[in-house]
Structure formats: C-alpha cells, structure tokens
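Trainee: Before I ask anything, let me first share the structure, which is written out below as structure tokens.
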Amino acid sequence: MNKGLILKTFIRARYFHKFKSRRRLEKYQQKQTKKQLDFFEHHSPYFQKFSGKTFEELPYMNKKVMMDNFDRMNTAGISKDDALKLAINSEKSRDFSEKLNGYSVGLSSGTSGHRGVFVLSDIEIATWVGGMMAKMLPKGKIFGTKVAFFLRADNNLYESSNSKILKFEFFDILKPMEQNIIKLQEFQPTILVAPPSVLLILAETAKVKKLSINPVRIISVAEVLTEKDEQYLKRVFKQKIIYQVYQCTEGFLGYTCEYGSLHLNEDVVVVEKEYLDDTRFTPVITDFVRTTQPIVKYRLNDILVEDRRPCKCGTSMTRLKKIEGRMDDVFEFDGVNDRTIKVFPDFISRVVLYVPKIKNYRVVQESSKKVIFYLDNIDIENQRLIKEELKTLAKRMRFKMPATTFKKYESDFSKKMKRVERIKK
Ligand SMILES: [Zn+2]
C-alpha cells in the first residue's frame, strides 16, 4: 500500500480542502473535471467519440450503460469477462488478493439484478483510504486508534493492517456473529465501523452485558441508517453522534462532520441534483479523482434529502438531512383514480414507527396490491395499529388500500438490510 500517497491525501483533505466558499469549491470542481475529461478523451476509447464536447453536452450514464460499455470505457484495457471471472473466483475462495494487470477488482453488491464489477488502481485505493481517514478519524490524537470494521468482504480493499498509529481489524459479517463478538471483545476498538443491522445486534448484545466495548466513535456504513435506529445506538453506546459514511461502488460520496451533519464529498465528486420534490433529489455524480473507471454524469439510484441550512463546521459542501433509500424501493400503489401513486420509503417507515414496542421491522411490497410487514412483535394490537396507519396514509395520498400480511422479523446478514423494499417481479 502506498503510504506516502495515503498521508498526502489525508493531510490535504483534513487540513486544506475545507472549501468554506461555495464559489471556490465550484471553481475547483470545474478545473478538476476539465482535467479529468481531457484524460478520458485520450485514454478511454468510449470517451474518444465525445472529443471536443463540453461537460454539459456529454450524455448521462448509469450502471447499465457502464456495464454494457465496460471494455471500451475503462482506461486500463480490462475486459468485463476477465474482471467478472476474477471477482467471482475471489468471492468463492474468499481470497481477494489476486489482481488483474495490477488492478484490484470487486463485485458490487447490486440489489436490482444488474451485477456490477469495478476496477481500482493502487493509487485510487491509497487516495480513498487517505480521504476516508481524513474525514472519519476523530480530531486530535490518532495515535493508538483501533478500528474494527464489519463488512461483507467482496474485494481486497479491506485488509487487516497493523501499525503503531493505526490498528485495523476486519470482521467478516458472513461468519457466525458469536465468533465476531468474542473477537471484538478482545480487540476493544476505539472506532467501530459496521452496517446498521450489525450495529443493532452489537447494541443488543451490549445491553444484556455480553459485550463490553467503549468506542469513541461509531460509524454506520453500507445500509440506510434510520432515525430510530440512530437514536437507539446513541443511547446504548453513549454516543453524541452516530457517524455515517455514504459510500457505494461508485465512490466515497458523503460523511458525517464533527457537528453531526451529513455532507456530500464535493471535494472529489461533482453532484448534480435531480429534484423529486422540494428537498428530495437523486444525485448525478462525476468523480474527478478516479481515473481507471470513468464515473461521468452517472445517475445513482438513491434518494437523498437536502438540508439547506448552513452547518456549523463551515464547509460549503451540500448538507443532507438524510439518505432515504433507493429509487427502486419507492412503493407504487393503485390510485383511486387509476393513476399510479408513488410513496417514498420514509412515509412507509413512518407507518411502523408510530407503533410502539417495535424495534426491528421490514416492509416489503410485492405488488401494488400486497404489502408484507416483518416485525419483531406481531401481536394483534400491533397489526391493527399498523393497518390503521396505512389506511390513513392511503386516504391522504389517495391510493387503494393494499392487502397486508404480517410475519416474524429475522436478521439475514447475507444481504443488505433494507427497512423498506419493493420487489419487482
Ligand atoms: Zn458540517
């Protein structure tokens, strides 16, 4: 691993690239984007055909476009077939150290059927690690930091490493949780990084005194952190803030600052906002740091909620109220006057949140006429209250009340946890 580059990126992101002025940030973005596009015109066969076009004139892309044009788009001359083959073999053998022409390859844990693959150079990984550390490590002394990192291993980005300054231990979510808990107890992390579904299990274990750790910082990754889960984690682990990393295959996109606000990483990506209503938008991103796999005007599937108030940390990078979920998971119901009514995940969560005594839940829409509620407590009274709430929502938004089914909630670590999910058939 390129330690010099990690340190350089770390220092730049932590101490210099604060971007308190929006105008300066935008100027910087324009300059970097132009450099990036010049590079792609010369090194990506796909982008050659857009030679001479301005940023505004370039077409939008998404995961499908990227995968369909993978071979011609990446600047490393790697074919999708080779990349997929290596990524799938690594997944099977659980050995992620093998590289392709010197590049790391990973599968993206896509939920919507499109299997994605990504390639990263060592330089990009070092930059990513440096940028991530700059934004996520607590201020003040870093010496002696011990990071426990829970995730589904799907690439070799994450290797346990030990130095005097930073100990980094990796926990495979797919291993039995009892084993991980014993290892975690021994490790005693100062920073705990995990998806909310795992953090909740750890919190429950800590609550019954079967785990005793005192992290100074907790970082939620990979899944949507709901407000209710956030409050619970704060209480159990005695934290003022639960930090979040907004990260996907397409890059490191956002982070929680010292004042508890989520910000977009506009020092490494340009984010265009396609508004869905007053504050909700889907982001279209252009990464001006990664050069192996171009991410240019790439439409993500996420729903973000903007918070237009300035943040006390002083950065001009966009502040988010929350990450609400995926566009795929917007529920669709039959309207009373034959139109399709779209309902954002947040409204669906609220149907459950108003009902007391429920900690774990999932709501799955199977068709416009059928919704399944998975609850940790499915007594008759809870079922009645939830139906009541859903009816109120249906009336307000003018859709036909769907059939409801209630089932027992179970954790499943082999998949990303989604509180609200629409299954397409
Ligand atoms: Zn802030």
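We name chains A, B, ... following the order of the structure tokens; residues begin at 1 in each chain, and ligands are numbered from 1 as shown.
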Which residues of chain A come within 12 Å of ligand 1, and what is each one's closest atom pair and distance in Å (one decimal), counting only C-alpha atoms and all ligand atoms, sorted by chain and residue number, as CSV?
Mentor:
residue,atom,partner,partner_atom_place_in_ligand_line,distance
A:Lys18,CA,ligand 1,1 (Zn),10.4
A:Phe19,CA,ligand 1,1 (Zn),11.5
A:Lys20,CA,ligand 1,1 (Zn),10.6
A:Lys135,CA,ligand 1,1 (Zn),11.0
A:Tyr243,CA,ligand 1,1 (Zn),11.6
A:Gly254,CA,ligand 1,1 (Zn),11.1
A:Tyr255,CA,ligand 1,1 (Zn),9.1
A:Thr256,CA,ligand 1,1 (Zn),7.1
A:Cys257,CA,ligand 1,1 (Zn),4.7
A:Glu258,CA,ligand 1,1 (Zn),6.5
A:Tyr259,CA,ligand 1,1 (Zn),5.5
A:Gly260,CA,ligand 1,1 (Zn),6.6
A:Ser261,CA,ligand 1,1 (Zn),4.9
A:Leu262,CA,ligand 1,1 (Zn),6.7
A:His263,CA,ligand 1,1 (Zn),6.5
A:Leu264,CA,ligand 1,1 (Zn),9.9
A:Asn265,CA,ligand 1,1 (Zn),11.3
A:Asp307,CA,ligand 1,1 (Zn),10.9
A:Arg308,CA,ligand 1,1 (Zn),11.7
A:Arg309,CA,ligand 1,1 (Zn),10.2
A:Pro310,CA,ligand 1,1 (Zn),7.9
A:Cys311,CA,ligand 1,1 (Zn),4.6
A:Lys312,CA,ligand 1,1 (Zn),5.8
A:Cys313,CA,ligand 1,1 (Zn),4.3
A:Gly314,CA,ligand 1,1 (Zn),6.4
A:Thr315,CA,ligand 1,1 (Zn),6.2
A:Ser316,CA,ligand 1,1 (Zn),8.6
A:Met317,CA,ligand 1,1 (Zn),8.3
A:Thr318,CA,ligand 1,1 (Zn),9.0
A:Arg319,CA,ligand 1,1 (Zn),7.0
A:Leu320,CA,ligand 1,1 (Zn),9.5
A:Lys321,CA,ligand 1,1 (Zn),11.2
Trainee: With only C-alpha atoms as the counted atoms, please give the residues lying no more than 12 Å from A:Arg339, apart from itself and same-chain residues fewer than 4 positions off, as a PyMOL selection string.
Mentor: chain A and resi 332-335+368+397-400
Trainee: Output the selection as a PDB file, in the first residue's frame - N, CA, C and O atoms for each residue.
Mentor:
ATOM      1  N   GLU A 332     -45.246   1.590  -5.082  1.00  0.00           N
ATOM      2  CA  GLU A 332     -46.213   2.045  -6.090  1.00  0.00           C
ATOM      3  C   GLU A 332     -47.565   1.408  -5.821  1.00  0.00           C
ATOM      4  O   GLU A 332     -47.696   0.192  -5.799  1.00  0.00           O
ATOM      5  N   PHE A 333     -48.564   2.255  -5.623  1.00  0.00           N
ATOM      6  CA  PHE A 333     -49.914   1.762  -5.345  1.00  0.00           C
ATOM      7  C   PHE A 333     -50.873   2.206  -6.444  1.00  0.00           C
ATOM      8  O   PHE A 333     -50.607   3.156  -7.184  1.00  0.00           O
ATOM      9  N   ASP A 334     -52.020   1.495  -6.541  1.00  0.00           N
ATOM     10  CA  ASP A 334     -53.061   1.917  -7.481  1.00  0.00           C
ATOM     11  C   ASP A 334     -53.805   3.090  -6.881  1.00  0.00           C
ATOM     12  O   ASP A 334     -54.325   3.002  -5.768  1.00  0.00           O
ATOM     13  N   GLY A 335     -53.852   4.189  -7.623  1.00  0.00           N
ATOM     14  CA  GLY A 335     -54.547   5.372  -7.125  1.00  0.00           C
ATOM     15  C   GLY A 335     -56.059   5.199  -7.222  1.00  0.00           C
ATOM     16  O   GLY A 335     -56.538   4.377  -7.994  1.00  0.00           O
ATOM     17  N   SER A 368     -48.623  -3.957  -6.299  1.00  0.00           N
ATOM     18  CA  SER A 368     -49.348  -2.752  -5.889  1.00  0.00           C
ATOM     19  C   SER A 368     -50.480  -3.104  -4.918  1.00  0.00           C
ATOM     20  O   SER A 368     -51.007  -2.253  -4.230  1.00  0.00           O
ATOM     21  N   MET A 397     -52.986  10.094   0.594  1.00  0.00           N
ATOM     22  CA  MET A 397     -52.298  10.115  -0.696  1.00  0.00           C
ATOM     23  C   MET A 397     -53.169   9.570  -1.831  1.00  0.00           C
ATOM     24  O   MET A 397     -52.727   9.470  -2.969  1.00  0.00           O
ATOM     25  N   ARG A 398     -54.396   9.206  -1.487  1.00  0.00           N
ATOM     26  CA  ARG A 398     -55.383   8.767  -2.465  1.00  0.00           C
ATOM     27  C   ARG A 398     -54.958   7.530  -3.250  1.00  0.00           C
ATOM     28  O   ARG A 398     -54.968   7.508  -4.474  1.00  0.00           O
ATOM     29  N   PHE A 399     -54.547   6.482  -2.523  1.00  0.00           N
ATOM     30  CA  PHE A 399     -54.334   5.194  -3.192  1.00  0.00           C
ATOM     31  C   PHE A 399     -55.207   4.116  -2.552  1.00  0.00           C
ATOM     32  O   PHE A 399     -55.681   4.288  -1.425  1.00  0.00           O
ATOM     33  N   LYS A 400     -55.424   3.034  -3.281  1.00  0.00           N
ATOM     34  CA  LYS A 400     -56.268   1.949  -2.783  1.00  0.00           C
ATOM     35  C   LYS A 400     -55.502   1.136  -1.750  1.00  0.00           C
ATOM     36  O   LYS A 400     -54.356   0.759  -1.981  1.00  0.00           O
TER      37      LYS A 400
END
Trainee: If we count only C-alpha atoms, what is near stretch 352-363 of chain A at a cut-off of 9 Å, once residues fewer than 4 positions away on the same chain are taken out, given as a list in words?
Mentor: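 My reading of the contact set: Lys228, Asp229, Ile348, Val371, Ile372, Phe373, Tyr374, Leu375, Asp376, Asn377, Ile378, Asn382, Leu385, Ile386, Glu389, Leu390, Lys408, Tyr409, Glu410, Ser411, Met417, Lys418, Arg419, Val420, Glu421 and Arg422 of chain A.
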Trainee: How would the residues just chosen look if you wrote them out with N, CA, C and O atoms as an mmCIF file, in the first residue's frame?
Mentor:
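Okay, result00.cif is ready:
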data_model
loop_
_atom_site.group_PDB
_atom_site.id
_atom_site.type_symbol
_atom_site.label_atom_id
_atom_site.label_comp_id
_atom_site.auth_asym_id
_atom_site.auth_seq_id
_atom_site.Cartn_x
_atom_site.Cartn_y
_atom_site.Cartn_z
ATOM 1 N N LYS A 228 -34.676 6.167 13.950
ATOM 2 C CA LYS A 228 -34.997 5.394 15.147
ATOM 3 C C LYS A 228 -33.806 4.534 15.575
ATOM 4 O O LYS A 228 -33.452 4.493 16.751
ATOM 5 N N ASP A 229 -33.183 3.872 14.608
ATOM 6 C CA ASP A 229 -32.015 3.046 14.907
ATOM 7 C C ASP A 229 -30.874 3.923 15.425
ATOM 8 O O ASP A 229 -30.139 3.555 16.334
ATOM 9 N N ILE A 348 -43.417 5.125 4.340
ATOM 10 C CA ILE A 348 -43.713 3.735 4.698
ATOM 11 C C ILE A 348 -43.128 3.417 6.084
ATOM 12 O O ILE A 348 -43.787 2.821 6.934
ATOM 13 N N VAL A 371 -48.658 -5.879 0.562
ATOM 14 C CA VAL A 371 -47.535 -5.418 1.370
ATOM 15 C C VAL A 371 -47.331 -6.373 2.541
ATOM 16 O O VAL A 371 -48.291 -6.764 3.209
ATOM 17 N N ILE A 372 -46.070 -6.760 2.780
ATOM 18 C CA ILE A 372 -45.771 -7.650 3.895
ATOM 19 C C ILE A 372 -44.997 -6.881 4.967
ATOM 20 O O ILE A 372 -44.011 -6.203 4.665
ATOM 21 N N PHE A 373 -45.449 -6.978 6.190
ATOM 22 C CA PHE A 373 -44.749 -6.364 7.315
ATOM 23 C C PHE A 373 -44.040 -7.448 8.117
ATOM 24 O O PHE A 373 -44.686 -8.369 8.597
ATOM 25 N N TYR A 374 -42.713 -7.348 8.207
ATOM 26 C CA TYR A 374 -41.950 -8.251 9.072
ATOM 27 C C TYR A 374 -41.656 -7.491 10.355
ATOM 28 O O TYR A 374 -40.997 -6.451 10.317
ATOM 29 N N LEU A 375 -42.154 -7.992 11.479
ATOM 30 C CA LEU A 375 -41.994 -7.259 12.743
ATOM 31 C C LEU A 375 -41.438 -8.186 13.811
ATOM 32 O O LEU A 375 -41.698 -9.395 13.780
ATOM 33 N N ASP A 376 -40.679 -7.611 14.770
ATOM 34 C CA ASP A 376 -40.213 -8.476 15.856
ATOM 35 C C ASP A 376 -41.337 -8.754 16.852
ATOM 36 O O ASP A 376 -41.223 -9.612 17.705
ATOM 37 N N ASN A 377 -42.405 -8.005 16.718
ATOM 38 C CA ASN A 377 -43.546 -8.237 17.610
ATOM 39 C C ASN A 377 -44.836 -8.162 16.777
ATOM 40 O O ASN A 377 -45.251 -7.085 16.381
ATOM 41 N N ILE A 378 -45.415 -9.325 16.493
ATOM 42 C CA ILE A 378 -46.576 -9.311 15.592
ATOM 43 C C ILE A 378 -47.890 -9.569 16.334
ATOM 44 O O ILE A 378 -48.791 -10.227 15.829
ATOM 45 N N ASN A 382 -50.569 -4.686 17.483
ATOM 46 C CA ASN A 382 -49.628 -4.051 16.565
ATOM 47 C C ASN A 382 -50.137 -4.104 15.122
ATOM 48 O O ASN A 382 -50.012 -3.135 14.375
ATOM 49 N N LEU A 385 -52.847 -1.526 14.685
ATOM 50 C CA LEU A 385 -52.334 -0.155 14.638
ATOM 51 C C LEU A 385 -51.663 0.153 13.292
ATOM 52 O O LEU A 385 -51.830 1.237 12.730
ATOM 53 N N ILE A 386 -50.923 -0.811 12.781
ATOM 54 C CA ILE A 386 -50.218 -0.587 11.517
ATOM 55 C C ILE A 386 -51.213 -0.457 10.366
ATOM 56 O O ILE A 386 -51.104 0.429 9.512
ATOM 57 N N GLU A 389 -52.639 2.966 10.488
ATOM 58 C CA GLU A 389 -51.713 3.978 9.971
ATOM 59 C C GLU A 389 -51.647 3.949 8.441
ATOM 60 O O GLU A 389 -51.615 4.985 7.782
ATOM 61 N N LEU A 390 -51.623 2.729 7.892
ATOM 62 C CA LEU A 390 -51.526 2.599 6.438
ATOM 63 C C LEU A 390 -52.794 3.134 5.776
ATOM 64 O O LEU A 390 -52.739 3.770 4.726
ATOM 65 N N LYS A 408 -42.967 -12.773 11.125
ATOM 66 C CA LYS A 408 -41.927 -12.558 12.129
ATOM 67 C C LYS A 408 -40.643 -12.044 11.470
ATOM 68 O O LYS A 408 -40.212 -12.549 10.450
ATOM 69 N N TYR A 409 -40.033 -11.027 12.079
ATOM 70 C CA TYR A 409 -38.783 -10.462 11.563
ATOM 71 C C TYR A 409 -37.585 -11.335 11.937
ATOM 72 O O TYR A 409 -37.471 -11.780 13.068
ATOM 73 N N GLU A 410 -36.701 -11.591 10.982
ATOM 74 C CA GLU A 410 -35.446 -12.291 11.273
ATOM 75 C C GLU A 410 -34.287 -11.546 10.608
ATOM 76 O O GLU A 410 -34.426 -11.065 9.491
ATOM 77 N N SER A 411 -33.144 -11.498 11.284
ATOM 78 C CA SER A 411 -31.958 -10.877 10.664
ATOM 79 C C SER A 411 -31.383 -11.801 9.605
ATOM 80 O O SER A 411 -31.376 -13.007 9.772
ATOM 81 N N MET A 417 -29.403 -5.023 4.733
ATOM 82 C CA MET A 417 -30.701 -4.817 5.346
ATOM 83 C C MET A 417 -31.376 -3.604 4.722
ATOM 84 O O MET A 417 -30.773 -2.554 4.567
ATOM 85 N N LYS A 418 -32.619 -3.792 4.356
ATOM 86 C CA LYS A 418 -33.412 -2.664 3.895
ATOM 87 C C LYS A 418 -34.686 -2.659 4.704
ATOM 88 O O LYS A 418 -35.407 -3.639 4.725
ATOM 89 N N ARG A 419 -34.951 -1.555 5.353
ATOM 90 C CA ARG A 419 -36.180 -1.470 6.141
ATOM 91 C C ARG A 419 -37.382 -1.442 5.203
ATOM 92 O O ARG A 419 -38.435 -1.962 5.517
ATOM 93 N N VAL A 420 -37.216 -0.787 4.073
ATOM 94 C CA VAL A 420 -38.325 -0.661 3.124
ATOM 95 C C VAL A 420 -37.844 -1.144 1.766
ATOM 96 O O VAL A 420 -36.830 -0.663 1.255
ATOM 97 N N GLU A 421 -38.543 -2.091 1.202
ATOM 98 C CA GLU A 421 -38.074 -2.676 -0.043
ATOM 99 C C GLU A 421 -39.236 -3.020 -0.972
ATOM 100 O O GLU A 421 -40.262 -3.516 -0.552
ATOM 101 N N ARG A 422 -39.041 -2.703 -2.242
ATOM 102 C CA ARG A 422 -40.048 -3.115 -3.220
ATOM 103 C C ARG A 422 -39.430 -4.200 -4.091
ATOM 104 O O ARG A 422 -38.354 -4.034 -4.638
#
Trainee: Name the closest residue to A:Val330 among the candidates A:Val245, A:Glu178, A:Lys424, A:Leu137; distances are taken between atoms, counting only C-alpha atoms.
Mentor: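 Distance minimum relative to A:Val330 lands on A:Lys424.
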Trainee: List every residue of stretch 9-37 of chain A that has an atom at most 10 Å from any atom of stretch 271-286 of chain A, giving for each one its closest atom pair and the distance in Å to one decimal, counting only C-alpha atoms, sorted by chain and then by ascending residue number, as JSON lines.
Mentor:
{"residue": "A:Gln29", "atom": "CA", "partner": "A:Thr286", "partner_atom": "CA", "distance": 9.7}
{"residue": "A:Thr33", "atom": "CA", "partner": "A:Thr286", "partner_atom": "CA", "distance": 7.8}
{"residue": "A:Gln36", "atom": "CA", "partner": "A:Thr286", "partner_atom": "CA", "distance": 9.6}
Trainee: In Å, how far is it from atom CA of A:Gln30 to atom CA of A:Glu266?
Mentor: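 It comes out at 11.4 Å.
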Trainee: In terms of the shortest atom-to-atom distance over only C-alpha atoms, which of A:Lys85, A:Arg217, A:Lys387, A:Lys415 is closest to A:Leu100?
Mentor: A:Lys85
Trainee: Taking only C-alpha atoms into account, which of A:Val129, A:Val147, A:Met327, A:Leu211 comes nearest A:Thr9?
Mentor: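 For A:Thr9, the nearest of the given residues is A:Val129.
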